[in-house]
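Shown next: input_28.cif, given as mmCIF, N, CA and C atoms; chains and numbers go by the auth columns.
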data_coords
loop_
_atom_site.group_PDB
_atom_site.id
_atom_site.type_symbol
_atom_site.label_atom_id
_atom_site.label_comp_id
_atom_site.label_asym_id
_atom_site.label_seq_id
_atom_site.Cartn_x
_atom_site.Cartn_y
_atom_site.Cartn_z
_atom_site.B_iso_or_equiv
_atom_site.auth_seq_id
_atom_site.auth_asym_id
ATOM 1 N N MET A 1 4.941 42.646 -0.034 0.00 1 S
ATOM 2 C CA MET A 1 4.282 41.651 -0.879 0.00 1 S
ATOM 3 C C MET A 1 5.249 40.552 -1.278 0.00 1 S
ATOM 4 N N LYS A 2 6.496 40.908 -1.592 0.00 2 S
ATOM 5 C CA LYS A 2 7.473 39.935 -2.036 0.00 2 S
ATOM 6 C C LYS A 2 7.817 38.945 -0.915 0.00 2 S
ATOM 7 N N LYS A 3 7.944 39.443 0.319 0.00 3 S
ATOM 8 C CA LYS A 3 8.247 38.601 1.462 0.00 3 S
ATOM 9 C C LYS A 3 7.104 37.627 1.737 0.00 3 S
ATOM 10 N N HIS A 4 5.883 38.099 1.592 0.00 4 S
ATOM 11 C CA HIS A 4 4.697 37.269 1.800 0.00 4 S
ATOM 12 C C HIS A 4 4.659 36.121 0.790 0.00 4 S
ATOM 13 N N THR A 5 4.989 36.395 -0.453 0.00 5 S
ATOM 14 C CA THR A 5 5.012 35.374 -1.501 0.00 5 S
ATOM 15 C C THR A 5 6.064 34.314 -1.200 0.00 5 S
ATOM 16 N N LYS A 6 7.238 34.735 -0.746 0.00 6 S
ATOM 17 C CA LYS A 6 8.303 33.777 -0.415 0.00 6 S
ATOM 18 C C LYS A 6 7.878 32.875 0.741 0.00 6 S
ATOM 19 N N THR A 7 7.179 33.430 1.687 0.00 7 S
ATOM 20 C CA THR A 7 6.704 32.645 2.829 0.00 7 S
ATOM 21 C C THR A 7 5.707 31.592 2.378 0.00 7 S
ATOM 22 N N ILE A 8 4.800 31.979 1.528 0.00 8 S
ATOM 23 C CA ILE A 8 3.801 31.040 1.014 0.00 8 S
ATOM 24 C C ILE A 8 4.488 29.926 0.234 0.00 8 S
ATOM 25 N N ILE A 9 5.439 30.251 -0.604 0.00 9 S
ATOM 26 C CA ILE A 9 6.163 29.254 -1.383 0.00 9 S
ATOM 27 C C ILE A 9 6.910 28.305 -0.443 0.00 9 S
ATOM 28 N N ALA A 10 7.553 28.844 0.588 0.00 10 S
ATOM 29 C CA ALA A 10 8.280 28.016 1.548 0.00 10 S
ATOM 30 C C ALA A 10 7.337 27.054 2.268 0.00 10 S
ATOM 31 N N VAL A 11 6.156 27.526 2.638 0.00 11 S
ATOM 32 C CA VAL A 11 5.179 26.670 3.313 0.00 11 S
ATOM 33 C C VAL A 11 4.707 25.557 2.380 0.00 11 S
ATOM 34 N N ILE A 12 4.435 25.885 1.147 0.00 12 S
ATOM 35 C CA ILE A 12 3.996 24.878 0.173 0.00 12 S
ATOM 36 C C ILE A 12 5.080 23.830 -0.041 0.00 12 S
ATOM 37 N N ILE A 13 6.320 24.253 -0.176 0.00 13 S
ATOM 38 C CA ILE A 13 7.426 23.309 -0.355 0.00 13 S
ATOM 39 C C ILE A 13 7.563 22.420 0.890 0.00 13 S
ATOM 40 N N GLY A 14 7.458 23.008 2.064 0.00 14 S
ATOM 41 C CA GLY A 14 7.554 22.239 3.304 0.00 14 S
ATOM 42 C C GLY A 14 6.469 21.182 3.417 0.00 14 S
ATOM 43 N N ILE A 15 5.247 21.552 3.107 0.00 15 S
ATOM 44 C CA ILE A 15 4.130 20.604 3.159 0.00 15 S
ATOM 45 C C ILE A 15 4.342 19.488 2.145 0.00 15 S
ATOM 46 N N THR A 16 4.802 19.829 0.955 0.00 16 S
ATOM 47 C CA THR A 16 5.063 18.828 -0.076 0.00 16 S
ATOM 48 C C THR A 16 6.121 17.822 0.386 0.00 16 S
ATOM 49 N N ILE A 17 7.167 18.303 1.010 0.00 17 S
ATOM 50 C CA ILE A 17 8.220 17.414 1.510 0.00 17 S
ATOM 51 C C ILE A 17 7.672 16.507 2.607 0.00 17 S
ATOM 52 N N LEU A 18 6.879 17.060 3.517 0.00 18 S
ATOM 53 C CA LEU A 18 6.305 16.246 4.594 0.00 18 S
ATOM 54 C C LEU A 18 5.384 15.158 4.058 0.00 18 S
ATOM 55 N N ILE A 19 4.539 15.514 3.113 0.00 19 S
ATOM 56 C CA ILE A 19 3.622 14.537 2.528 0.00 19 S
ATOM 57 C C ILE A 19 4.409 13.479 1.758 0.00 19 S
ATOM 58 N N GLY A 20 5.368 13.900 0.971 0.00 20 S
ATOM 59 C CA GLY A 20 6.187 12.952 0.209 0.00 20 S
ATOM 60 C C GLY A 20 6.982 12.044 1.111 0.00 20 S
ATOM 61 N N GLY A 21 7.560 12.582 2.164 0.00 21 S
ATOM 62 C CA GLY A 21 8.319 11.771 3.115 0.00 21 S
ATOM 63 C C GLY A 21 7.434 10.761 3.820 0.00 21 S
ATOM 64 N N GLY A 22 6.232 11.161 4.170 0.00 22 S
ATOM 65 C CA GLY A 22 5.286 10.245 4.802 0.00 22 S
ATOM 66 C C GLY A 22 4.910 9.105 3.883 0.00 22 S
ATOM 67 N N TRP A 23 4.767 9.397 2.619 0.00 23 S
ATOM 68 C CA TRP A 23 4.429 8.359 1.642 0.00 23 S
ATOM 69 C C TRP A 23 5.554 7.344 1.554 0.00 23 S
ATOM 70 N N LEU A 24 6.793 7.805 1.534 0.00 24 S
ATOM 71 C CA LEU A 24 7.925 6.889 1.456 0.00 24 S
ATOM 72 C C LEU A 24 8.004 6.007 2.689 0.00 24 S
ATOM 73 N N ILE A 25 7.768 6.574 3.846 0.00 25 S
ATOM 74 C CA ILE A 25 7.791 5.780 5.075 0.00 25 S
ATOM 75 C C ILE A 25 6.668 4.760 5.049 0.00 25 S
ATOM 76 N N ASN A 26 5.505 5.168 4.603 0.00 26 S
ATOM 77 C CA ASN A 26 4.365 4.274 4.507 0.00 26 S
ATOM 78 C C ASN A 26 4.655 3.089 3.596 0.00 26 S
ATOM 79 N N GLU A 27 5.245 3.332 2.451 0.00 27 S
ATOM 80 C CA GLU A 27 5.526 2.281 1.484 0.00 27 S
ATOM 81 C C GLU A 27 6.551 1.283 2.012 0.00 27 S
ATOM 82 N N SER A 28 7.494 1.720 2.799 0.00 28 S
ATOM 83 C CA SER A 28 8.541 0.819 3.269 0.00 28 S
ATOM 84 C C SER A 28 8.046 -0.093 4.384 0.00 28 S
ATOM 85 N N ARG A 29 6.842 0.104 4.867 0.00 29 S
ATOM 86 C CA ARG A 29 6.283 -0.748 5.919 0.00 29 S
ATOM 87 C C ARG A 29 5.910 -2.126 5.391 0.00 29 S
ATOM 88 N N TYR A 30 5.778 -2.278 4.092 0.00 30 S
ATOM 89 C CA TYR A 30 5.293 -3.517 3.511 0.00 30 S
ATOM 90 C C TYR A 30 6.435 -4.377 2.996 0.00 30 S
ATOM 91 N N PRO A 31 6.233 -5.704 3.006 0.00 31 S
ATOM 92 C CA PRO A 31 7.251 -6.588 2.426 0.00 31 S
ATOM 93 C C PRO A 31 7.467 -6.259 0.945 0.00 31 S
ATOM 94 N N ASN A 32 8.667 -6.450 0.476 0.00 32 S
ATOM 95 C CA ASN A 32 8.999 -6.151 -0.917 0.00 32 S
ATOM 96 C C ASN A 32 8.708 -7.368 -1.796 0.00 32 S
ATOM 97 N N VAL A 33 7.425 -7.626 -1.991 0.00 33 S
ATOM 98 C CA VAL A 33 6.965 -8.738 -2.839 0.00 33 S
ATOM 99 C C VAL A 33 5.846 -8.207 -3.732 0.00 33 S
ATOM 100 N N PRO A 34 5.595 -8.847 -4.887 0.00 34 S
ATOM 101 C CA PRO A 34 4.583 -8.336 -5.823 0.00 34 S
ATOM 102 C C PRO A 34 3.204 -8.095 -5.209 0.00 34 S
ATOM 103 N N ALA A 35 2.761 -8.952 -4.321 0.00 35 S
ATOM 104 C CA ALA A 35 1.420 -8.792 -3.738 0.00 35 S
ATOM 105 C C ALA A 35 1.290 -7.469 -2.984 0.00 35 S
ATOM 106 N N PHE A 36 2.341 -7.048 -2.299 0.00 36 S
ATOM 107 C CA PHE A 36 2.278 -5.805 -1.536 0.00 36 S
ATOM 108 C C PHE A 36 2.680 -4.590 -2.366 0.00 36 S
ATOM 109 N N ASN A 37 3.263 -4.808 -3.523 0.00 37 S
ATOM 110 C CA ASN A 37 3.603 -3.693 -4.408 0.00 37 S
ATOM 111 C C ASN A 37 2.369 -3.154 -5.124 0.00 37 S
ATOM 112 N N ASP A 38 1.311 -3.954 -5.195 0.00 38 S
ATOM 113 C CA ASP A 38 0.057 -3.540 -5.823 0.00 38 S
ATOM 114 C C ASP A 38 -0.882 -2.981 -4.744 0.00 38 S
ATOM 115 N N HIS A 39 -1.286 -1.722 -4.894 0.00 39 S
ATOM 116 C CA HIS A 39 -2.106 -1.059 -3.871 0.00 39 S
ATOM 117 C C HIS A 39 -3.452 -1.755 -3.666 0.00 39 S
ATOM 118 N N PHE A 40 -4.061 -2.265 -4.723 0.00 40 S
ATOM 119 C CA PHE A 40 -5.365 -2.922 -4.599 0.00 40 S
ATOM 120 C C PHE A 40 -5.234 -4.234 -3.827 0.00 40 S
ATOM 121 N N THR A 41 -4.261 -5.055 -4.206 0.00 41 S
ATOM 122 C CA THR A 41 -4.068 -6.352 -3.550 0.00 41 S
ATOM 123 C C THR A 41 -3.715 -6.157 -2.085 0.00 41 S
ATOM 124 N N ARG A 42 -2.885 -5.176 -1.809 0.00 42 S
ATOM 125 C CA ARG A 42 -2.412 -4.907 -0.448 0.00 42 S
ATOM 126 C C ARG A 42 -3.556 -4.700 0.539 0.00 42 S
ATOM 127 N N LYS A 43 -4.687 -4.154 0.076 0.00 43 S
ATOM 128 C CA LYS A 43 -5.818 -3.873 0.961 0.00 43 S
ATOM 129 C C LYS A 43 -6.379 -5.133 1.617 0.00 43 S
ATOM 130 N N PHE A 44 -6.159 -6.288 0.997 0.00 44 S
ATOM 131 C CA PHE A 44 -6.731 -7.539 1.479 0.00 44 S
ATOM 132 C C PHE A 44 -5.757 -8.365 2.324 0.00 44 S
ATOM 133 N N LEU A 45 -4.496 -7.977 2.355 0.00 45 S
ATOM 134 C CA LEU A 45 -3.474 -8.808 2.986 0.00 45 S
ATOM 135 C C LEU A 45 -3.058 -8.286 4.350 0.00 45 S
ATOM 136 N N ASN A 46 -2.720 -9.222 5.212 0.00 46 S
ATOM 137 C CA ASN A 46 -2.208 -8.899 6.539 0.00 46 S
ATOM 138 C C ASN A 46 -0.690 -9.035 6.477 0.00 46 S
ATOM 139 N N LYS A 47 0.022 -7.912 6.443 0.00 47 S
ATOM 140 C CA LYS A 47 1.477 -7.934 6.287 0.00 47 S
ATOM 141 C C LYS A 47 2.176 -8.580 7.468 0.00 47 S
ATOM 142 N N ASP A 48 1.520 -8.605 8.611 0.00 48 S
ATOM 143 C CA ASP A 48 2.127 -9.162 9.820 0.00 48 S
ATOM 144 C C ASP A 48 1.852 -10.646 9.999 0.00 48 S
ATOM 145 N N LYS A 49 1.072 -11.227 9.099 0.00 49 S
ATOM 146 C CA LYS A 49 0.712 -12.627 9.273 0.00 49 S
ATOM 147 C C LYS A 49 1.124 -13.443 8.046 0.00 49 S
ATOM 148 N N LYS A 50 2.399 -13.814 8.006 0.00 50 S
ATOM 149 C CA LYS A 50 2.886 -14.708 6.957 0.00 50 S
ATOM 150 C C LYS A 50 2.548 -16.120 7.423 0.00 50 S
ATOM 151 N N VAL A 51 1.624 -16.772 6.744 0.00 51 S
ATOM 152 C CA VAL A 51 1.112 -18.059 7.220 0.00 51 S
ATOM 153 C C VAL A 51 2.027 -19.222 6.882 0.00 51 S
ATOM 154 N N ASP A 52 2.778 -19.107 5.810 0.00 52 S
ATOM 155 C CA ASP A 52 3.741 -20.125 5.414 0.00 52 S
ATOM 156 C C ASP A 52 4.732 -19.449 4.477 0.00 52 S
ATOM 157 N N ASP A 53 5.803 -20.110 4.160 0.00 53 S
ATOM 158 C CA ASP A 53 6.812 -19.520 3.287 0.00 53 S
ATOM 159 C C ASP A 53 6.187 -19.192 1.934 0.00 53 S
ATOM 160 N N GLY A 54 6.180 -17.914 1.575 0.00 54 S
ATOM 161 C CA GLY A 54 5.650 -17.474 0.286 0.00 54 S
ATOM 162 C C GLY A 54 4.176 -17.123 0.291 0.00 54 S
ATOM 163 N N PHE A 55 3.537 -17.157 1.460 0.00 55 S
ATOM 164 C CA PHE A 55 2.102 -16.869 1.549 0.00 55 S
ATOM 165 C C PHE A 55 1.805 -15.908 2.692 0.00 55 S
ATOM 166 N N TYR A 56 0.801 -15.048 2.471 0.00 56 S
ATOM 167 C CA TYR A 56 0.305 -14.143 3.503 0.00 56 S
ATOM 168 C C TYR A 56 -1.191 -14.379 3.676 0.00 56 S
ATOM 169 N N GLU A 57 -1.693 -13.985 4.825 0.00 57 S
ATOM 170 C CA GLU A 57 -3.124 -14.148 5.075 0.00 57 S
ATOM 171 C C GLU A 57 -3.913 -13.112 4.281 0.00 57 S
ATOM 172 N N PHE A 58 -4.908 -13.580 3.572 0.00 58 S
ATOM 173 C CA PHE A 58 -5.840 -12.765 2.799 0.00 58 S
ATOM 174 C C PHE A 58 -7.151 -12.777 3.560 0.00 58 S
ATOM 175 N N GLU A 59 -7.720 -11.598 3.792 0.00 59 S
ATOM 176 C CA GLU A 59 -9.021 -11.534 4.459 0.00 59 S
ATOM 177 C C GLU A 59 -10.020 -10.846 3.544 0.00 59 S
ATOM 178 N N SER A 60 -11.178 -11.493 3.374 0.00 60 S
ATOM 179 C CA SER A 60 -12.205 -10.903 2.522 0.00 60 S
ATOM 180 C C SER A 60 -12.702 -9.602 3.144 0.00 60 S
ATOM 181 N N LYS A 61 -13.183 -8.700 2.324 0.00 61 S
ATOM 182 C CA LYS A 61 -13.677 -7.422 2.818 0.00 61 S
ATOM 183 C C LYS A 61 -14.971 -7.593 3.630 0.00 61 S
ATOM 184 N N THR A 62 -15.653 -8.714 3.469 0.00 62 S
ATOM 185 C CA THR A 62 -16.838 -8.966 4.280 0.00 62 S
ATOM 186 C C THR A 62 -16.463 -9.554 5.638 0.00 62 S
ATOM 187 N N GLY A 63 -15.212 -9.995 5.770 0.00 63 S
ATOM 188 C CA GLY A 63 -14.756 -10.609 7.012 0.00 63 S
ATOM 189 C C GLY A 63 -15.263 -12.027 7.193 0.00 63 S
ATOM 190 N N GLN A 64 -15.834 -12.596 6.159 0.00 64 S
ATOM 191 C CA GLN A 64 -16.433 -13.927 6.252 0.00 64 S
ATOM 192 C C GLN A 64 -15.422 -15.069 6.108 0.00 64 S
ATOM 193 N N TYR A 65 -14.274 -14.791 5.481 0.00 65 S
ATOM 194 C CA TYR A 65 -13.291 -15.858 5.306 0.00 65 S
ATOM 195 C C TYR A 65 -11.887 -15.289 5.184 0.00 65 S
ATOM 196 N N THR A 66 -10.927 -16.156 5.440 0.00 66 S
ATOM 197 C CA THR A 66 -9.521 -15.860 5.187 0.00 66 S
ATOM 198 C C THR A 66 -8.952 -17.022 4.389 0.00 66 S
ATOM 199 N N MET A 67 -7.861 -16.760 3.711 0.00 67 S
ATOM 200 C CA MET A 67 -7.194 -17.815 2.955 0.00 67 S
ATOM 201 C C MET A 67 -5.729 -17.445 2.790 0.00 67 S
ATOM 202 N N TRP A 68 -4.945 -18.385 2.332 0.00 68 S
ATOM 203 C CA TRP A 68 -3.536 -18.118 2.052 0.00 68 S
ATOM 204 C C TRP A 68 -3.438 -17.498 0.670 0.00 68 S
ATOM 205 N N PHE A 69 -2.662 -16.439 0.552 0.00 69 S
ATOM 206 C CA PHE A 69 -2.497 -15.760 -0.734 0.00 69 S
ATOM 207 C C PHE A 69 -1.008 -15.744 -1.082 0.00 69 S
ATOM 208 N N PRO A 70 -0.636 -16.210 -2.293 0.00 70 S
ATOM 209 C CA PRO A 70 0.781 -16.245 -2.673 0.00 70 S
ATOM 210 C C PRO A 70 1.372 -14.845 -2.838 0.00 70 S
ATOM 211 N N GLU A 71 2.548 -14.638 -2.277 0.00 71 S
ATOM 212 C CA GLU A 71 3.183 -13.319 -2.306 0.00 71 S
ATOM 213 C C GLU A 71 3.605 -12.881 -3.698 0.00 71 S
ATOM 214 N N LYS A 72 3.676 -13.798 -4.646 0.00 72 S
ATOM 215 C CA LYS A 72 4.113 -13.461 -6.003 0.00 72 S
ATOM 216 C C LYS A 72 2.959 -13.076 -6.928 0.00 72 S
ATOM 217 N N TYR A 73 1.737 -13.069 -6.410 0.00 73 S
ATOM 218 C CA TYR A 73 0.571 -12.781 -7.242 0.00 73 S
ATOM 219 C C TYR A 73 -0.092 -11.474 -6.831 0.00 73 S
ATOM 220 N N GLN A 74 -0.944 -10.973 -7.742 0.00 74 S
ATOM 221 C CA GLN A 74 -1.719 -9.756 -7.489 0.00 74 S
ATOM 222 C C GLN A 74 -3.140 -9.999 -7.935 0.00 74 S
ATOM 223 N N LEU A 75 -4.071 -9.291 -7.327 0.00 75 S
ATOM 224 C CA LEU A 75 -5.474 -9.381 -7.727 0.00 75 S
ATOM 225 C C LEU A 75 -5.717 -8.511 -8.947 0.00 75 S
ATOM 226 N N LEU A 76 -6.518 -8.990 -9.859 0.00 76 S
ATOM 227 C CA LEU A 76 -6.918 -8.204 -11.024 0.00 76 S
ATOM 228 C C LEU A 76 -8.239 -7.539 -10.670 0.00 76 S
ATOM 229 N N HIS A 77 -8.323 -6.234 -10.839 0.00 77 S
ATOM 230 C CA HIS A 77 -9.578 -5.553 -10.549 0.00 77 S
ATOM 231 C C HIS A 77 -10.113 -4.911 -11.805 0.00 77 S
ATOM 232 N N GLU A 78 -11.375 -4.527 -11.769 0.00 78 S
ATOM 233 C CA GLU A 78 -12.127 -4.080 -12.950 0.00 78 S
ATOM 234 C C GLU A 78 -11.407 -3.046 -13.792 0.00 78 S
ATOM 235 N N ASN A 79 -10.715 -2.120 -13.203 0.00 79 S
ATOM 236 C CA ASN A 79 -10.066 -1.048 -13.958 0.00 79 S
ATOM 237 C C ASN A 79 -8.892 -1.534 -14.795 0.00 79 S
ATOM 238 N N GLU A 80 -8.408 -2.744 -14.556 0.00 80 S
ATOM 239 C CA GLU A 80 -7.251 -3.255 -15.289 0.00 80 S
ATOM 240 C C GLU A 80 -7.636 -4.189 -16.423 0.00 80 S
ATOM 241 N N GLN A 81 -8.884 -4.538 -16.543 0.00 81 S
ATOM 242 C CA GLN A 81 -9.286 -5.511 -17.568 0.00 81 S
ATOM 243 C C GLN A 81 -9.269 -4.901 -18.945 0.00 81 S
#

Rewrite the structure from the file as structure tokens, please.
Amino acid sequence: MKKHTKTIIAVIIGITILIGGGWLINESRYPNVPAFNDHFTRKFLNKDKKVDDGFYEFESKTGQYTMWFPEKYQLLHENEQ
């Protein structure tokens, strides 16, 4: 019984490390600017398409329009009001 418990604990720790490591790798994929530091704002931005110095392409969730979005800003969403 004791060996079985240690195995389960080791598996849980291993999974936690893998998930945590994946999160860190995921986060480092984005530019280090305020717009990409906010998870909500990031959903609308194309990290690979910097349209001009200080701006990234913003695409609406309907796909109907795109615009330039300043990298120093973040979107305010309902939960933050």

Query raised in the report: In Å, how far is it from atom CA of Lys50 of chain S to atom CA of Tyr65 of chain S?
Result: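 So the two atoms, atom CA of Lys50 of chain S and atom CA of Tyr65 of chain S, lie 16.3 Å apart.
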
Requested in this report: Go through the shown structure with the PyMOL selection byres ((chain S and resi 69) around 7) and write out the matching residues as a PyMOL selection string.
Outcome: chain S and resi 54-58+67-68+70-73

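Pairwise distance (atom CA of Gln74 of chain S, atom C of Pro34 of chain S) equals 5.7 Å.
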
Requested in this report: Could you jot down the atom N of Thr62 of chain S to atom CA of Arg29 of chain S separation for me, Å, one decimal place?
Outcome: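 Rounded to one decimal, the two atoms are 23.5 Å apart.
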
Report summary line: Nearest to Lys43 of chain S, restricted to only N, CA and C atoms and choosing among S:Asn79, S:Thr66, S:Ser60, S:Thr5, comes out as S:Ser60

Report task. Find, counting only N, CA and C atoms, the residue in S:Ile13, S:Pro31, S:Ile8, S:Gly63 that gets nearest to Lys47 of chain S. Result -> S:Pro31
